[in-house]
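Visitor: Sending over upload.cif (mmCIF, C-alpha atoms and all ligand atoms).
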data_target
loop_
_atom_site.label_atom_id
_atom_site.label_comp_id
_atom_site.auth_asym_id
_atom_site.auth_seq_id
_atom_site.Cartn_x
_atom_site.Cartn_y
_atom_site.Cartn_z
CA MET A 407 130.00 66.07 191.81
CA PRO A 408 130.48 66.44 187.99
CA GLU A 409 132.74 69.17 186.66
CA LEU A 410 131.05 72.35 185.39
CA LYS A 411 130.51 71.27 181.76
CA GLU A 412 129.04 67.88 182.73
CA THR A 413 126.38 69.35 185.01
CA LYS A 414 122.76 69.32 183.86
CA GLY A 415 122.67 73.03 184.67
CA PHE A 416 125.41 73.82 182.16
CA GLN A 417 123.94 71.47 179.56
CA TYR A 418 120.59 73.21 179.91
CA LEU A 419 122.30 76.52 179.21
CA GLU A 420 123.99 75.05 176.12
CA ASN A 421 120.76 73.49 174.86
CA SER A 422 118.88 76.77 175.16
CA ARG A 423 121.38 78.88 173.20
CA PHE A 424 120.36 80.72 170.03
CA ASP A 425 122.55 80.77 166.97
CA ARG A 426 121.90 82.06 163.46
CA THR A 427 121.70 78.60 161.86
CA SER A 428 119.57 76.69 164.35
CA ILE A 429 117.15 79.58 164.85
CA GLN A 430 116.04 79.23 161.18
CA ASN A 431 114.61 75.77 161.83
CA GLN A 432 113.20 76.51 165.22
CA GLN A 433 109.53 75.77 165.64
CA ARG A 434 107.22 76.34 168.54
CA PRO A 435 107.76 73.40 170.89
CA ALA A 436 105.06 70.71 171.05
CA ILE A 437 104.03 71.91 174.48
CA ALA A 438 100.36 72.77 174.91
CA ARG A 439 99.57 76.32 175.99
CA VAL A 440 97.95 77.24 179.27
CA GLU A 441 96.03 80.34 180.41
CA THR A 442 97.95 83.36 181.76
CA PHE A 443 95.86 83.70 184.91
CA LYS A 444 95.36 80.85 187.32
CA ARG A 445 91.83 80.94 188.69
CA TYR A 446 90.32 79.33 191.76
CA PRO A 447 86.55 79.45 191.10
CA PRO A 448 85.55 77.66 194.31
CA ALA A 449 87.64 79.89 196.54
CA SER A 450 86.16 83.05 198.07
CA ARG A 451 87.70 86.18 196.53
CA ILE A 452 88.98 88.82 198.92
CA PRO A 453 89.50 92.17 197.14
CA LEU A 454 92.73 93.99 198.05
CA PRO A 455 93.04 97.71 198.76
CA ARG A 456 94.43 99.70 195.84
CA THR A 457 95.69 102.63 197.89
CA TRP A 458 98.33 102.57 200.59
CA SER A 459 98.59 105.01 203.44
CA LEU A 460 102.38 104.73 203.47
CA ASP A 461 104.95 107.18 202.22
CA GLU A 462 104.89 105.27 198.97
CA GLU A 463 103.93 107.71 196.22
CA ARG A 464 107.32 107.76 194.49
CA ILE A 465 107.85 104.00 194.34
CA THR A 466 104.23 103.45 193.31
CA LEU A 467 104.69 105.78 190.35
CA LEU A 468 107.97 104.16 189.33
CA LEU A 469 106.42 100.70 189.38
CA GLN A 470 103.19 101.84 187.74
CA ASN A 471 104.93 103.74 184.94
CA ARG A 472 107.61 101.20 184.07
CA ARG A 473 107.04 99.85 180.56
CA SER A 474 109.58 98.32 178.27
CA LEU A 475 110.85 101.28 176.28
CA ARG A 476 112.07 100.78 172.72
CA LYS A 477 112.25 104.42 171.51
CA TYR A 478 114.84 106.76 172.90
CA ARG A 479 115.68 110.43 172.62
CA SER A 480 118.95 111.02 170.81
CA GLU A 481 120.43 113.27 173.55
CA PRO A 482 123.15 111.57 175.56
CA LEU A 483 122.38 110.00 178.89
CA ASN A 484 123.58 112.05 181.84
CA LEU A 485 126.67 110.43 183.43
CA GLU A 486 125.18 110.72 186.92
CA HIS A 487 122.03 108.95 185.79
CA PHE A 488 124.09 106.22 184.18
CA ALA A 489 126.17 105.81 187.34
CA PHE A 490 122.95 105.60 189.35
CA MET A 491 121.73 102.73 187.13
CA LEU A 492 125.04 100.92 187.63
CA TRP A 493 124.83 101.42 191.38
CA ALA A 494 121.26 100.09 191.36
CA SER A 495 122.44 97.04 189.39
CA GLN A 496 125.18 95.80 191.68
CA GLY A 497 126.55 98.69 193.75
CA ILE A 498 127.94 97.83 197.17
CA THR A 499 125.47 98.88 199.83
CA GLY A 500 126.62 97.13 202.99
CA GLN A 501 129.19 95.01 204.75
CA ALA A 502 129.11 92.24 207.33
CA GLY A 503 132.55 90.92 208.19
CA SER A 504 134.23 90.07 204.91
CA TYR A 505 130.91 90.02 202.99
CA LEU A 506 130.20 93.00 200.81
CA PHE A 507 126.51 93.21 200.07
CA ARG A 508 125.06 94.76 196.96
CA ALA A 509 121.93 96.61 195.86
CA THR A 510 120.47 93.36 194.51
CA PRO A 511 120.21 90.07 196.40
CA SER A 512 122.34 87.08 195.42
CA ALA A 513 121.97 83.47 196.53
CA GLY A 514 124.62 82.83 199.19
CA ALA A 515 126.04 86.36 198.55
CA LEU A 516 128.19 84.79 195.82
CA TYR A 517 127.45 87.39 193.12
CA PRO A 518 128.03 85.24 190.03
CA VAL A 519 126.80 87.92 187.59
CA GLU A 520 129.15 90.35 185.85
CA THR A 521 127.95 93.58 184.26
CA TYR A 522 129.27 94.91 180.95
CA ILE A 523 127.97 97.94 179.12
CA SER A 524 128.02 98.87 175.48
CA VAL A 525 128.06 102.65 175.73
CA HIS A 526 126.67 104.49 172.70
CA SER A 527 125.83 107.93 174.03
CA VAL A 528 126.63 108.82 177.63
CA GLU A 529 127.87 112.30 178.56
CA GLY A 530 131.60 112.31 179.34
CA LEU A 531 132.18 108.69 178.24
CA ASP A 532 133.64 107.59 174.93
CA ALA A 533 131.49 105.09 173.09
CA GLY A 534 132.72 101.54 173.50
CA LEU A 535 132.57 98.46 175.66
CA TYR A 536 133.09 98.70 179.39
CA HIS A 537 133.13 96.33 182.36
CA PHE A 538 131.61 97.47 185.65
CA ASP A 539 134.24 97.25 188.42
CA VAL A 540 131.90 96.74 191.36
CA GLU A 541 134.66 96.80 193.97
CA HIS A 542 135.90 100.26 193.05
CA PHE A 543 132.64 101.61 191.61
CA ALA A 544 134.41 102.31 188.35
CA LEU A 545 134.40 101.28 184.70
CA ASP A 546 137.07 99.23 182.97
CA ARG A 547 137.36 100.34 179.37
CA LEU A 548 137.57 97.29 177.09
CA THR A 549 137.30 98.78 173.59
CA ASP A 550 137.26 102.26 172.14
CA GLN A 551 134.91 101.46 169.29
CA ASP A 552 131.18 101.99 169.39
CA LYS A 553 129.69 98.48 169.39
CA ALA A 554 126.02 99.55 169.42
CA GLU A 555 125.32 98.20 165.90
CA ASP A 556 127.14 94.92 166.57
CA VAL A 557 125.25 94.44 169.82
CA ALA A 558 121.89 95.08 168.13
CA GLN A 559 122.73 92.63 165.36
CA ALA A 560 123.80 89.99 167.86
CA CYS A 561 120.44 90.51 169.57
CA LEU A 562 118.51 89.08 166.61
CA ASN A 563 118.89 92.40 164.85
CA GLN A 564 116.60 94.30 167.21
CA THR A 565 117.51 97.59 165.56
CA PHE A 566 115.97 99.82 168.23
CA MET A 567 118.82 98.75 170.51
CA SER A 568 121.38 100.61 168.42
CA GLN A 569 119.58 103.88 169.27
CA ALA A 570 119.78 103.26 173.02
CA ALA A 571 122.23 105.35 175.05
CA ALA A 572 123.68 102.16 176.51
CA VAL A 573 123.08 98.43 176.56
CA PHE A 574 123.75 96.46 179.73
CA LEU A 575 125.09 92.95 179.11
CA TRP A 576 124.98 90.52 182.01
CA THR A 577 127.08 87.38 182.10
CA GLY A 578 127.30 84.49 184.55
CA VAL A 579 130.52 83.21 186.08
CA PHE A 580 128.93 79.85 186.83
CA ARG A 581 131.64 78.39 189.02
CA ARG A 582 131.00 81.07 191.65
CA ALA A 583 127.55 79.63 192.37
CA MET A 584 127.87 76.06 191.06
CA SER A 585 130.99 75.18 193.05
CA LYS A 586 128.76 75.58 196.09
CA TYR A 587 125.29 74.62 194.86
CA GLY A 588 125.89 72.28 191.89
CA ASP A 589 123.02 72.21 189.36
CA ARG A 590 120.83 74.34 191.57
CA GLY A 591 123.49 77.02 191.32
CA MET A 592 122.54 77.55 187.65
CA ARG A 593 119.01 78.39 188.77
CA TYR A 594 120.45 80.91 191.24
CA VAL A 595 122.65 82.55 188.60
CA LEU A 596 119.60 83.13 186.38
CA LEU A 597 117.51 84.41 189.28
CA ASP A 598 120.27 86.83 190.29
CA ALA A 599 120.36 88.25 186.76
CA GLY A 600 116.61 88.90 186.91
CA HIS A 601 116.97 90.88 190.13
CA ILE A 602 119.75 92.99 188.65
CA CYS A 603 117.89 93.81 185.46
CA GLN A 604 114.75 94.78 187.33
CA ASN A 605 116.67 97.19 189.55
CA VAL A 606 118.12 98.84 186.46
CA MET A 607 114.68 99.16 184.86
CA ILE A 608 113.31 100.89 187.98
CA ALA A 609 116.39 103.08 188.37
CA ALA A 610 116.02 104.13 184.72
CA GLU A 611 112.40 105.07 185.34
CA ALA A 612 113.47 107.18 188.34
CA VAL A 613 115.65 109.41 186.12
CA ASP A 614 113.16 109.90 183.26
CA CYS A 615 114.72 107.15 181.23
CA GLY A 616 113.47 103.73 180.34
CA GLY A 617 114.77 100.40 179.31
CA CYS A 618 113.93 97.13 177.66
CA PRO A 619 115.05 93.74 178.97
CA ILE A 620 116.54 91.62 176.19
CA GLY A 621 116.53 87.83 176.28
CA ALA A 622 116.79 87.24 172.52
CA PHE A 623 120.39 87.13 171.33
CA TYR A 624 122.88 84.87 169.64
CA ASP A 625 124.85 83.76 172.67
CA SER A 626 128.17 83.08 170.97
CA GLU A 627 128.15 86.43 169.15
CA LEU A 628 127.77 88.39 172.37
CA ASN A 629 130.32 86.16 174.09
CA GLN A 630 132.76 86.85 171.27
CA LEU A 631 132.15 90.56 171.51
CA LEU A 632 132.88 90.44 175.24
CA GLN A 633 135.81 88.08 174.67
CA ILE A 634 134.50 85.50 177.11
CA ASP A 635 134.57 81.75 176.48
CA GLY A 636 130.88 80.84 176.93
CA GLU A 637 131.84 78.12 179.42
CA GLU A 638 133.43 79.63 182.49
CA GLU A 639 131.50 82.80 181.70
CA SER A 640 128.60 83.31 179.31
CA ILE A 641 126.02 85.91 178.41
CA LEU A 642 122.69 85.57 180.26
CA TYR A 643 120.63 88.69 179.80
CA ALA A 644 120.77 92.24 178.47
CA ALA A 645 118.86 95.52 178.63
CA SER A 646 118.89 98.67 176.55
CA VAL A 647 118.42 102.01 178.31
CA GLY A 648 117.91 105.55 177.09
CA ARG A 649 116.12 108.82 177.65
CA LYS A 650 112.37 108.89 177.41
CA PHE A 651 110.30 111.21 175.26
CA LEU A 652 108.47 113.09 177.99
CA LYS A 653 105.04 114.61 177.39
CA GLY A 654 105.51 118.07 175.88
CA ASN A 655 108.88 117.17 174.27
C1 LIG B 701 113.28 87.54 180.12
C2 LIG B 701 112.79 88.63 179.22
C3 LIG B 701 113.28 88.72 177.94
C4 LIG B 701 112.84 89.74 177.08
N1 LIG B 701 113.40 89.86 175.83
C5 LIG B 701 113.01 90.87 175.03
C6 LIG B 701 113.64 91.06 173.77
O1 LIG B 701 114.58 90.34 173.39
N2 LIG B 701 113.21 92.07 172.99
C7 LIG B 701 112.21 92.93 173.39
O2 LIG B 701 111.88 93.85 172.64
N3 LIG B 701 111.60 92.78 174.58
C8 LIG B 701 111.98 91.79 175.43
N4 LIG B 701 111.41 91.65 176.67
C9 LIG B 701 110.39 92.62 177.11
C10 LIG B 701 108.98 92.01 177.08
O3 LIG B 701 108.54 91.94 175.75
C11 LIG B 701 108.05 92.89 177.94
O4 LIG B 701 108.51 92.86 179.28
C12 LIG B 701 106.60 92.44 177.89
O5 LIG B 701 106.05 92.65 176.62
C13 LIG B 701 105.76 93.16 178.92
O6 LIG B 701 105.78 94.55 178.68
P1 LIG B 701 106.33 95.62 179.74
O7 LIG B 701 107.74 95.25 180.09
O8 LIG B 701 106.26 96.94 179.02
O9 LIG B 701 105.48 95.59 180.95
C14 LIG B 701 111.86 90.66 177.54
C15 LIG B 701 111.38 90.56 178.84
C16 LIG B 701 111.86 89.59 179.68
C17 LIG B 701 111.37 89.55 181.11
#
Mind turning this structure into structure tokens?

Guide:
Amino acid sequence: MPELKETKGFQYLENSRFDRTSIQNQQRPAIARVETFKRYPPASRIPLPRTWSLDEERITLLLQNRRSLRKYRSEPLNLEHFAFMLWASQGITGQAGSYLFRATPSAGALYPVETYISVHSVEGLDAGLYHFDVEHFALDRLTDQDKAEDVAQACLNQTFMSQAAAVFLWTGVFRRAMSKYGDRGMRYVLLDAGHICQNVMIAAEAVDCGGCPIGAFYDSELNQLLQIDGEEESILYAASVGRKFLKGN
């Protein structure tokens, strides 16, 4: 099996990176578009019920109301709410033998995704960069400077992000999955990150907050900010979170 950097999975990651120079010349790829909905005109259509006689009202509302939120109230995020989002992302929720299971699934229970947070405005926490210590349900403080502006700039200057209470930054430690699954492991790392982000978006909704998933960023700038090498570990995904403007506010 090829070493990490020679795998097609890793090369795909490298080939799909954004940087400030190459993005200038980027054009839409010469790939024809296709419709958003796949239709089966000859098939008979069986309408589905839109109400459920389960105890489902809360989860239905959370799923129904989730929208990517790009405007946030300036008041700090409650620390308990922030901790709840972290728990929803990757908190330990079970154990079987030596396996510690988490709130989100992971292929082979290998958990190749690391969570970092750029804290801008969370009650009781100094602004700065933190790493989520899953094992101890704690935060490792990495810097004591507010990096909200730098993070927003590294995310193609999406300025709304600098107003978010916090920005989650998810990285992959590829070897964790690829030493077992080879190229397919890269697919699993990306899928794991999607699960984690979605849990955070729903958890945010549950505490009258909201978030926006972020896939547009200059990879090497975020890697530099997190002081990771982009090879053994590299940025995959991000999400801003903050308090919602509720009706009547
Ligand atoms: C993989 C992925 C990457 C995204 N990247 C960005 C982004 O960089 N900036 C942004 O404003 N929204 C981003 N979004 C949010 C989408 O624009 C949004 O999900 C879509 O418009 C549907 O709207 P909704 O989330 O409110 O349902 C991203 C969403 C996904 C799933």

Visitor: One decimal, Å: what's the distance from atom CA of Gly616 of chain A over to atom CA of Ile602 of chain A, could you say?

Guide: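 If I compute the distance from atom CA of Gly616 of chain A to atom CA of Ile602 of chain A, I get 15.0 Å.
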
Visitor: What does the structure give for the distance between atom CA of Arg426 of chain A and atom CA of Asn563 of chain A, in Å to one decimal?

Guide: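 Computing it gives 10.9 Å between the two atoms.
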
Visitor: Would you give me, as JSON lines, each residue of segment 565-598 of chain A having an atom within 8 Å of an atom of segment 514-537 of chain A, along with its shortest atom pair and that distance in Å to one decimal, using only C-alpha atoms and sorting by chain and residue number?

Guide:
{"residue": "A:Ser568", "atom": "CA", "partner": "A:His526", "partner_atom": "CA", "distance": 7.8}
{"residue": "A:Gln569", "atom": "CA", "partner": "A:His526", "partner_atom": "CA", "distance": 7.9}
{"residue": "A:Ala570", "atom": "CA", "partner": "A:His526", "partner_atom": "CA", "distance": 7.0}
{"residue": "A:Ala571", "atom": "CA", "partner": "A:Ser527", "partner_atom": "CA", "distance": 4.5}
{"residue": "A:Ala572", "atom": "CA", "partner": "A:Val525", "partner_atom": "CA", "distance": 4.5}
{"residue": "A:Val573", "atom": "CA", "partner": "A:Ser524", "partner_atom": "CA", "distance": 5.1}
{"residue": "A:Phe574", "atom": "CA", "partner": "A:Ile523", "partner_atom": "CA", "distance": 4.5}
{"residue": "A:Leu575", "atom": "CA", "partner": "A:Tyr522", "partner_atom": "CA", "distance": 5.0}
{"residue": "A:Trp576", "atom": "CA", "partner": "A:Thr521", "partner_atom": "CA", "distance": 4.8}
{"residue": "A:Thr577", "atom": "CA", "partner": "A:Glu520", "partner_atom": "CA", "distance": 5.2}
{"residue": "A:Gly578", "atom": "CA", "partner": "A:Val519", "partner_atom": "CA", "distance": 4.6}
{"residue": "A:Val579", "atom": "CA", "partner": "A:Pro518", "partner_atom": "CA", "distance": 5.1}
{"residue": "A:Phe580", "atom": "CA", "partner": "A:Pro518", "partner_atom": "CA", "distance": 6.3}
{"residue": "A:Arg581", "atom": "CA", "partner": "A:Pro518", "partner_atom": "CA", "distance": 7.8}
{"residue": "A:Arg582", "atom": "CA", "partner": "A:Pro518", "partner_atom": "CA", "distance": 5.4}
{"residue": "A:Ala583", "atom": "CA", "partner": "A:Pro518", "partner_atom": "CA", "distance": 6.1}
{"residue": "A:Val595", "atom": "CA", "partner": "A:Pro518", "partner_atom": "CA", "distance": 6.2}
{"residue": "A:Asp598", "atom": "CA", "partner": "A:Val519", "partner_atom": "CA", "distance": 7.1}

Visitor: Smallest atom-to-atom distance to Arg423 of chain A: which of A:Pro453, A:Asp625, A:Gly617, A:Phe651, using all atoms listed in the file?

Guide: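 Of all the options, A:Asp625 lies closest to Arg423 of chain A.
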
Visitor: Residues within 6 Å of segment 556-561 of chain A, please, as a PyMOL selection string. Count all atoms listed in the file; anything in the same chain fewer than 4 positions from it doesn't count.

Guide: chain A and resi 565+567-568+622-624+627

Visitor: Could you list, as a list in words, all the residues within 8 Å of ligand LIG 701 (chain B), counting only C-alpha atoms and all ligand atoms?

Guide: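 Those within range of ligand LIG 701 (chain B) are Arg472, Arg473, Ser474, Leu475, Arg476, Cys561, Leu562, Gln564, Gly600, Cys618, Pro619, Ile620, Gly621, Ala622, Phe623 and Tyr643 of chain A.
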
Visitor: Scan for residues within 7 Å of the point (126.1, 78.6, 178.3) in the coordinates of the file, using only C-alpha atoms, and reply as a list in words.

Guide: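 Here the neighbourhood of the point contains Phe416, Leu419, Glu420, Arg423, Gly636, Glu637 and Ser640 of chain A.
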
Visitor: Rounded to one decimal in Å, what is the spacing between atom CA of Ala494 of chain A and atom CA of Ala599 of chain A?

Guide: 12.7 Å

Visitor: Taking into account all atoms listed in the file, which residue in the set A:Ala502, A:Val606, A:Leu632, A:Cys615 is nearest to Thr549 of chain A?

Guide: A:Leu632

Visitor: Would you please work out which residue, of A:Tyr418, A:Tyr594, A:Phe424, A:Phe488, is nearest to Pro511 of chain A when using all atoms listed in the file?

Guide: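 Of A:Tyr418, A:Tyr594, A:Phe424, A:Phe488, the one nearest Pro511 of chain A is A:Tyr594, counting all atoms listed in the file.
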
Visitor: Considering only C-alpha atoms, can you say which of A:His601, A:Lys444, A:Arg456, A:Arg508 comes closest to Phe543 of chain A?

Guide: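 Under the stated criterion, the closest residue is A:Arg508.
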
Visitor: My structure is short of atoms at segment 431-453 of chain A; please model N, CA and C atoms there, returning them as a PDB file, in the frame of the given file.

Guide:
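And here is the file that came out, out-v9.pdb:
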ATOM      1  N   ASN A 431     115.472  76.970 161.836  1.00  0.00           N
ATOM      2  CA  ASN A 431     114.610  75.770 161.830  1.00  0.00           C
ATOM      3  C   ASN A 431     113.806  75.625 163.120  1.00  0.00           C
ATOM      4  N   GLN A 432     113.880  76.673 163.940  1.00  0.00           N
ATOM      5  CA  GLN A 432     113.200  76.510 165.220  1.00  0.00           C
ATOM      6  C   GLN A 432     111.698  76.657 165.080  1.00  0.00           C
ATOM      7  N   GLN A 433     110.990  75.702 165.666  1.00  0.00           N
ATOM      8  CA  GLN A 433     109.530  75.770 165.640  1.00  0.00           C
ATOM      9  C   GLN A 433     109.050  75.882 167.069  1.00  0.00           C
ATOM     10  N   ARG A 434     107.800  76.297 167.202  1.00  0.00           N
ATOM     11  CA  ARG A 434     107.220  76.340 168.540  1.00  0.00           C
ATOM     12  C   ARG A 434     107.252  74.924 169.118  1.00  0.00           C
ATOM     13  N   PRO A 435     107.679  74.758 170.345  1.00  0.00           N
ATOM     14  CA  PRO A 435     107.760  73.400 170.890  1.00  0.00           C
ATOM     15  C   PRO A 435     106.375  72.756 171.006  1.00  0.00           C
ATOM     16  N   ALA A 436     106.352  71.431 170.977  1.00  0.00           N
ATOM     17  CA  ALA A 436     105.060  70.710 171.050  1.00  0.00           C
ATOM     18  C   ALA A 436     104.581  70.660 172.501  1.00  0.00           C
ATOM     19  N   ILE A 437     104.486  71.826 173.083  1.00  0.00           N
ATOM     20  CA  ILE A 437     104.030  71.910 174.480  1.00  0.00           C
ATOM     21  C   ILE A 437     102.738  72.714 174.469  1.00  0.00           C
ATOM     22  N   ALA A 438     101.664  72.103 174.971  1.00  0.00           N
ATOM     23  CA  ALA A 438     100.360  72.770 174.910  1.00  0.00           C
ATOM     24  C   ALA A 438     100.387  74.052 175.732  1.00  0.00           C
ATOM     25  N   ARG A 439      99.624  75.043 175.276  1.00  0.00           N
ATOM     26  CA  ARG A 439      99.570  76.320 175.990  1.00  0.00           C
ATOM     27  C   ARG A 439      98.677  76.215 177.218  1.00  0.00           C
ATOM     28  N   VAL A 440      98.807  77.189 178.079  1.00  0.00           N
ATOM     29  CA  VAL A 440      97.950  77.240 179.270  1.00  0.00           C
ATOM     30  C   VAL A 440      97.599  78.707 179.508  1.00  0.00           C
ATOM     31  N   GLU A 441      96.484  78.959 180.204  1.00  0.00           N
ATOM     32  CA  GLU A 441      96.030  80.340 180.410  1.00  0.00           C
ATOM     33  C   GLU A 441      97.040  81.152 181.227  1.00  0.00           C
ATOM     34  N   THR A 442      97.007  82.480 181.043  1.00  0.00           N
ATOM     35  CA  THR A 442      97.950  83.360 181.760  1.00  0.00           C
ATOM     36  C   THR A 442      97.580  83.512 183.228  1.00  0.00           C
ATOM     37  N   PHE A 443      96.288  83.517 183.523  1.00  0.00           N
ATOM     38  CA  PHE A 443      95.860  83.700 184.910  1.00  0.00           C
ATOM     39  C   PHE A 443      95.370  82.382 185.487  1.00  0.00           C
ATOM     40  N   LYS A 444      95.867  82.042 186.639  1.00  0.00           N
ATOM     41  CA  LYS A 444      95.360  80.850 187.320  1.00  0.00           C
ATOM     42  C   LYS A 444      94.154  81.263 188.151  1.00  0.00           C
ATOM     43  N   ARG A 445      93.055  80.549 187.988  1.00  0.00           N
ATOM     44  CA  ARG A 445      91.830  80.940 188.690  1.00  0.00           C
ATOM     45  C   ARG A 445      91.405  79.846 189.641  1.00  0.00           C
ATOM     46  N   TYR A 446      90.825  80.273 190.754  1.00  0.00           N
ATOM     47  CA  TYR A 446      90.320  79.330 191.760  1.00  0.00           C
ATOM     48  C   TYR A 446      88.825  79.588 191.953  1.00  0.00           C
ATOM     49  N   PRO A 447      87.983  79.110 191.009  1.00  0.00           N
ATOM     50  CA  PRO A 447      86.550  79.450 191.100  1.00  0.00           C
ATOM     51  C   PRO A 447      85.904  79.075 192.430  1.00  0.00           C
ATOM     52  N   PRO A 448      86.269  77.968 193.072  1.00  0.00           N
ATOM     53  CA  PRO A 448      85.550  77.660 194.310  1.00  0.00           C
ATOM     54  C   PRO A 448      85.998  78.511 195.497  1.00  0.00           C
ATOM     55  N   ALA A 449      87.123  79.147 195.386  1.00  0.00           N
ATOM     56  CA  ALA A 449      87.640  79.890 196.540  1.00  0.00           C
ATOM     57  C   ALA A 449      86.934  81.230 196.682  1.00  0.00           C
ATOM     58  N   SER A 450      86.756  81.718 197.916  1.00  0.00           N
ATOM     59  CA  SER A 450      86.160  83.050 198.070  1.00  0.00           C
ATOM     60  C   SER A 450      87.224  84.097 197.719  1.00  0.00           C
ATOM     61  N   ARG A 451      86.768  85.165 197.025  1.00  0.00           N
ATOM     62  CA  ARG A 451      87.700  86.180 196.530  1.00  0.00           C
ATOM     63  C   ARG A 451      87.707  87.379 197.468  1.00  0.00           C
ATOM     64  N   ILE A 452      88.868  87.706 197.981  1.00  0.00           N
ATOM     65  CA  ILE A 452      88.980  88.820 198.920  1.00  0.00           C
ATOM     66  C   ILE A 452      89.660  89.986 198.211  1.00  0.00           C
ATOM     67  N   PRO A 453      88.886  91.041 197.869  1.00  0.00           N
ATOM     68  CA  PRO A 453      89.500  92.170 197.140  1.00  0.00           C
ATOM     69  C   PRO A 453      90.575  92.858 197.996  1.00  0.00           C
TER      70      PRO A 453
END
